[in-house]
Amino acid sequence: MNKFLISAAVAVTALTPSAAIAQAIPAAVIAVVDLERVTSQCNACKTATAALRSQVTGLENRQKALATPLETEGKAIQAAVNALNGKEPDAALQARAKAWETKRQQAAQEVTRQQQQIQRNQQYIQQQVAAKLRPIYQQVMQRRGATVLMEQGSTLATASSVDVTNDVLAALNTAMPTLATTAPAAPAQQQPQGR
């Protein structure tokens, strides 16, 4: 029994310093930032958003420009097929239908490529902003004495005194006067090498 008590006493003493160390963590000083406001109101972000909007508008216009003649030609081909009353189309009509299908596929591929480029551009802009924000977070936290920085959308309620959105926004405007709005070319997909 004595051995058990001595072992228990040694175990308690061995654990006591660990418990004291675990309690030595300082109280957290939390700050919040409204990232949606930062990324929508920073000067370079506004310019980049306008550029992306312009790219989308350009794509929509190109899509209409490609679709209108295809639709007209498709209706004419369909009318010619309907006029045959179930008979087999001649070689000229088949060639015309095949050429129309080729044009339709090429138009769809062009639109898809442009959509993918716009998506890459948007991601590239987001990457640039995120890269600039990382050091800004640390600087603002240090300047304001915060040990934790949270996105405002992750909180239920906060006092305005812990909101550092304006600090982050001002630092971002200084650190990032412009943004590139065209992503670098997508890496070419590698073809499997034959043996």
# chains A, B, ... in the order shown; residues from 1 in each chain; ligands from 1

call {"tool": "residues_around", "arguments": {"residues": "A:Leu169", "least_positions_apart": "2", "cutoff": "10 Å", "atoms": "only C-alpha atoms", "output": "tab-separated table (two decimals) with N, CA and C atoms, in the first residue's frame"}}
result
chain	number	residue	atom	x	y	z
A	33	VAL	N	-11.74	41.14	-38.97
A	33	VAL	CA	-11.61	41.86	-40.22
A	33	VAL	C	-12.73	41.40	-41.16
A	34	ASP	N	-13.33	42.32	-41.86
A	34	ASP	CA	-14.38	42.02	-42.85
A	34	ASP	C	-13.69	41.86	-44.20
A	35	LEU	N	-13.34	40.61	-44.54
A	35	LEU	CA	-12.60	40.36	-45.77
A	35	LEU	C	-13.41	40.67	-47.02
A	37	ARG	N	-15.49	43.11	-47.39
A	37	ARG	CA	-15.37	44.56	-47.59
A	37	ARG	C	-13.97	44.93	-48.08
A	38	VAL	N	-12.94	44.30	-47.51
A	38	VAL	CA	-11.56	44.58	-47.92
A	38	VAL	C	-11.38	44.27	-49.40
A	39	THR	N	-11.83	43.09	-49.83
A	39	THR	CA	-11.59	42.66	-51.21
A	39	THR	C	-12.52	43.34	-52.21
A	40	SER	N	-13.60	43.93	-51.74
A	40	SER	CA	-14.47	44.65	-52.68
A	40	SER	C	-14.17	46.14	-52.73
A	41	GLN	N	-13.54	46.67	-51.67
A	41	GLN	CA	-13.30	48.10	-51.63
A	41	GLN	C	-11.86	48.52	-51.84
A	42	CYS	N	-10.93	47.58	-51.89
A	42	CYS	CA	-9.55	48.01	-52.14
A	42	CYS	C	-9.47	48.57	-53.56
A	43	ASN	N	-8.64	49.57	-53.74
A	43	ASN	CA	-8.58	50.26	-55.03
A	43	ASN	C	-8.24	49.33	-56.18
A	133	LEU	N	-2.21	39.98	-48.50
A	133	LEU	CA	-2.88	40.08	-47.21
A	133	LEU	C	-2.13	39.35	-46.09
A	136	ILE	N	0.19	41.53	-44.21
A	136	ILE	CA	-0.59	42.65	-43.67
A	136	ILE	C	-1.30	42.23	-42.38
A	164	VAL	N	-10.58	45.61	-37.28
A	164	VAL	CA	-9.37	46.18	-37.89
A	164	VAL	C	-9.51	46.25	-39.41
A	165	THR	N	-10.72	46.20	-39.91
A	165	THR	CA	-10.96	46.22	-41.35
A	165	THR	C	-10.34	47.44	-42.02
A	166	ASN	N	-10.55	48.61	-41.44
A	166	ASN	CA	-9.99	49.83	-42.05
A	166	ASN	C	-8.46	49.79	-42.08
A	167	ASP	N	-7.84	49.23	-41.04
A	167	ASP	CA	-6.38	49.11	-41.01
A	167	ASP	C	-5.90	48.20	-42.14
A	171	ALA	N	-3.72	49.31	-45.47
A	171	ALA	CA	-2.43	48.66	-45.73
A	171	ALA	C	-2.44	47.96	-47.09
A	172	LEU	N	-3.55	47.35	-47.45
A	172	LEU	CA	-3.65	46.68	-48.75
A	172	LEU	C	-3.58	47.68	-49.89
A	173	ASN	N	-4.26	48.81	-49.74
A	173	ASN	CA	-4.19	49.84	-50.79
A	173	ASN	C	-2.77	50.35	-50.98
A	174	THR	N	-2.01	50.43	-49.90
A	174	THR	CA	-0.63	50.88	-49.99
A	174	THR	C	0.26	49.79	-50.60
A	175	ALA	N	0.09	48.56	-50.14
A	175	ALA	CA	0.95	47.46	-50.58
A	175	ALA	C	0.64	46.97	-51.99

call {"tool": "closest_residue", "arguments": {"among": "A:Ala67, A:Ala76, A:Met141, A:Leu52", "to": "A:Arg120", "atoms": "only C-alpha atoms"}}
result
A:Leu52

call {"tool": "residues_around", "arguments": {"residues": "A:Gln117", "least_positions_apart": "4", "cutoff": "10 Å", "atoms": "only C-alpha atoms", "output": "PDB file with N, CA and C atoms, in the first residue's frame"}}
result
ATOM      1  N   GLN A  55     -14.293  41.586 -69.332  1.00  0.00           N
ATOM      2  CA  GLN A  55     -13.985  40.318 -69.994  1.00  0.00           C
ATOM      3  C   GLN A  55     -15.249  39.468 -70.156  1.00  0.00           C
ATOM      4  N   VAL A 111     -15.758  29.464 -76.928  1.00  0.00           N
ATOM      5  CA  VAL A 111     -16.442  30.013 -75.758  1.00  0.00           C
ATOM      6  C   VAL A 111     -15.915  29.342 -74.489  1.00  0.00           C
ATOM      7  N   THR A 112     -15.747  28.041 -74.517  1.00  0.00           N
ATOM      8  CA  THR A 112     -15.236  27.306 -73.356  1.00  0.00           C
ATOM      9  C   THR A 112     -13.832  27.775 -72.990  1.00  0.00           C
ATOM     10  N   ARG A 113     -12.970  27.956 -73.995  1.00  0.00           N
ATOM     11  CA  ARG A 113     -11.606  28.443 -73.728  1.00  0.00           C
ATOM     12  C   ARG A 113     -11.643  29.819 -73.072  1.00  0.00           C
ATOM     13  N   ASN A 121      -8.228  33.956 -64.676  1.00  0.00           N
ATOM     14  CA  ASN A 121      -7.959  35.352 -64.330  1.00  0.00           C
ATOM     15  C   ASN A 121      -8.500  35.681 -62.943  1.00  0.00           C
ATOM     16  N   GLN A 122      -9.715  35.226 -62.659  1.00  0.00           N
ATOM     17  CA  GLN A 122     -10.324  35.487 -61.357  1.00  0.00           C
ATOM     18  C   GLN A 122      -9.511  34.824 -60.240  1.00  0.00           C
ATOM     19  N   GLN A 123      -9.100  33.591 -60.454  1.00  0.00           N
ATOM     20  CA  GLN A 123      -8.293  32.896 -59.457  1.00  0.00           C
ATOM     21  C   GLN A 123      -6.939  33.577 -59.267  1.00  0.00           C
ATOM     22  N   THR A 182      -4.791  39.411 -65.984  1.00  0.00           N
ATOM     23  CA  THR A 182      -4.702  38.310 -66.942  1.00  0.00           C
ATOM     24  C   THR A 182      -3.730  37.283 -66.387  1.00  0.00           C
ATOM     25  N   ALA A 183      -4.236  36.101 -66.153  1.00  0.00           N
ATOM     26  CA  ALA A 183      -3.417  35.031 -65.597  1.00  0.00           C
ATOM     27  C   ALA A 183      -2.382  34.582 -66.615  1.00  0.00           C
ATOM     28  N   PRO A 184      -1.257  34.094 -66.132  1.00  0.00           N
ATOM     29  CA  PRO A 184      -0.282  33.516 -67.055  1.00  0.00           C
ATOM     30  C   PRO A 184      -0.938  32.360 -67.819  1.00  0.00           C
ATOM     31  N   ALA A 185      -0.381  32.061 -68.961  1.00  0.00           N
ATOM     32  CA  ALA A 185      -0.939  30.982 -69.782  1.00  0.00           C
ATOM     33  C   ALA A 185      -1.000  29.690 -68.973  1.00  0.00           C
ATOM     34  N   ALA A 186      -2.039  28.950 -69.205  1.00  0.00           N
ATOM     35  CA  ALA A 186      -2.209  27.671 -68.520  1.00  0.00           C
ATOM     36  C   ALA A 186      -1.115  26.723 -68.966  1.00  0.00           C
TER      37      ALA A 186
END

call {"tool": "atom_distance", "arguments": {"atom1": "atom CA of A:Pro26", "atom2": "atom CA of A:Arg144"}}
result
16.2 Å

call {"tool": "atom_distance", "arguments": {"atom1": "atom CA of A:Arg62", "atom2": "atom CA of A:Thr178"}}
result
27.6 Å

call {"tool": "atom_distance", "arguments": {"atom1": "atom CA of A:Glu60", "atom2": "atom CA of A:Gln114"}}
result
10.1 Å

call {"tool": "residues_around", "arguments": {"residues": "A:Ala97", "least_positions_apart": "3", "cutoff": "10 Å", "atoms": "only C-alpha atoms", "output": "PDB file with C-alpha atoms, in the first residue's frame"}}
result
ATOM      1  CA  GLU A  73     -27.892  28.455 -90.762  1.00  0.00           C
ATOM      2  CA  GLY A  74     -29.254  25.697 -88.508  1.00  0.00           C
ATOM      3  CA  ALA A  76     -32.168  26.868 -92.949  1.00  0.00           C
ATOM      4  CA  ILE A  77     -30.692  23.356 -92.868  1.00  0.00           C
ATOM      5  CA  GLN A  78     -33.595  22.081 -90.782  1.00  0.00           C
ATOM      6  CA  VAL A  81     -34.406  18.557 -94.289  1.00  0.00           C
ATOM      7  CA  PRO A  89     -30.642  14.375 -97.970  1.00  0.00           C
ATOM      8  CA  ALA A  91     -24.578  15.074-100.670  1.00  0.00           C
ATOM      9  CA  ALA A  92     -24.691  18.887-100.777  1.00  0.00           C
ATOM     10  CA  LEU A  93     -27.154  19.117 -97.885  1.00  0.00           C
ATOM     11  CA  GLN A  94     -25.176  16.525 -95.903  1.00  0.00           C
ATOM     12  CA  TRP A 100     -22.530  23.636 -89.729  1.00  0.00           C
ATOM     13  CA  GLU A 101     -21.817  21.055 -87.011  1.00  0.00           C
ATOM     14  CA  THR A 102     -18.058  21.715 -87.321  1.00  0.00           C
ATOM     15  CA  LYS A 103     -18.658  25.473 -86.946  1.00  0.00           C
TER      16      LYS A 103
END

call {"tool": "select_by_dssp", "arguments": {"residues": "stretch 82-120 of chain A", "states": "helix (DSSP H, G or I)", "output": "MDAnalysis selection string"}}
result
chainID A and resid 82:83 91:120

call {"tool": "select_by_dssp", "arguments": {"residues": "chain A", "states": "strand (DSSP E)", "output": "list of chain:residue names"}}
result
A:Ile30, A:Ala31, A:Val32, A:Val33, A:Val148, A:Leu149, A:Met150, A:Glu151

call {"tool": "closest_residue", "arguments": {"among": "A:Ala146, A:Ala107, A:Ala131, A:Ile125", "to": "A:Ala65", "atoms": "only C-alpha atoms"}}
result
A:Ala107

call {"tool": "closest_residue", "arguments": {"among": "A:Ser154, A:Gln115, A:Ser161, A:Gln128", "to": "A:Gln63", "atoms": "only C-alpha atoms"}}
result
A:Gln115

call {"tool": "closest_residue", "arguments": {"among": "A:Ala95, A:Leu59, A:Ala28, A:Val148", "to": "A:Gln116", "atoms": "only C-alpha atoms"}}
result
A:Leu59

call {"tool": "closest_residue", "arguments": {"among": "A:Pro69, A:Gly58, A:Pro135, A:Gly145", "to": "A:Val29", "atoms": "only C-alpha atoms"}}
result
A:Gly145
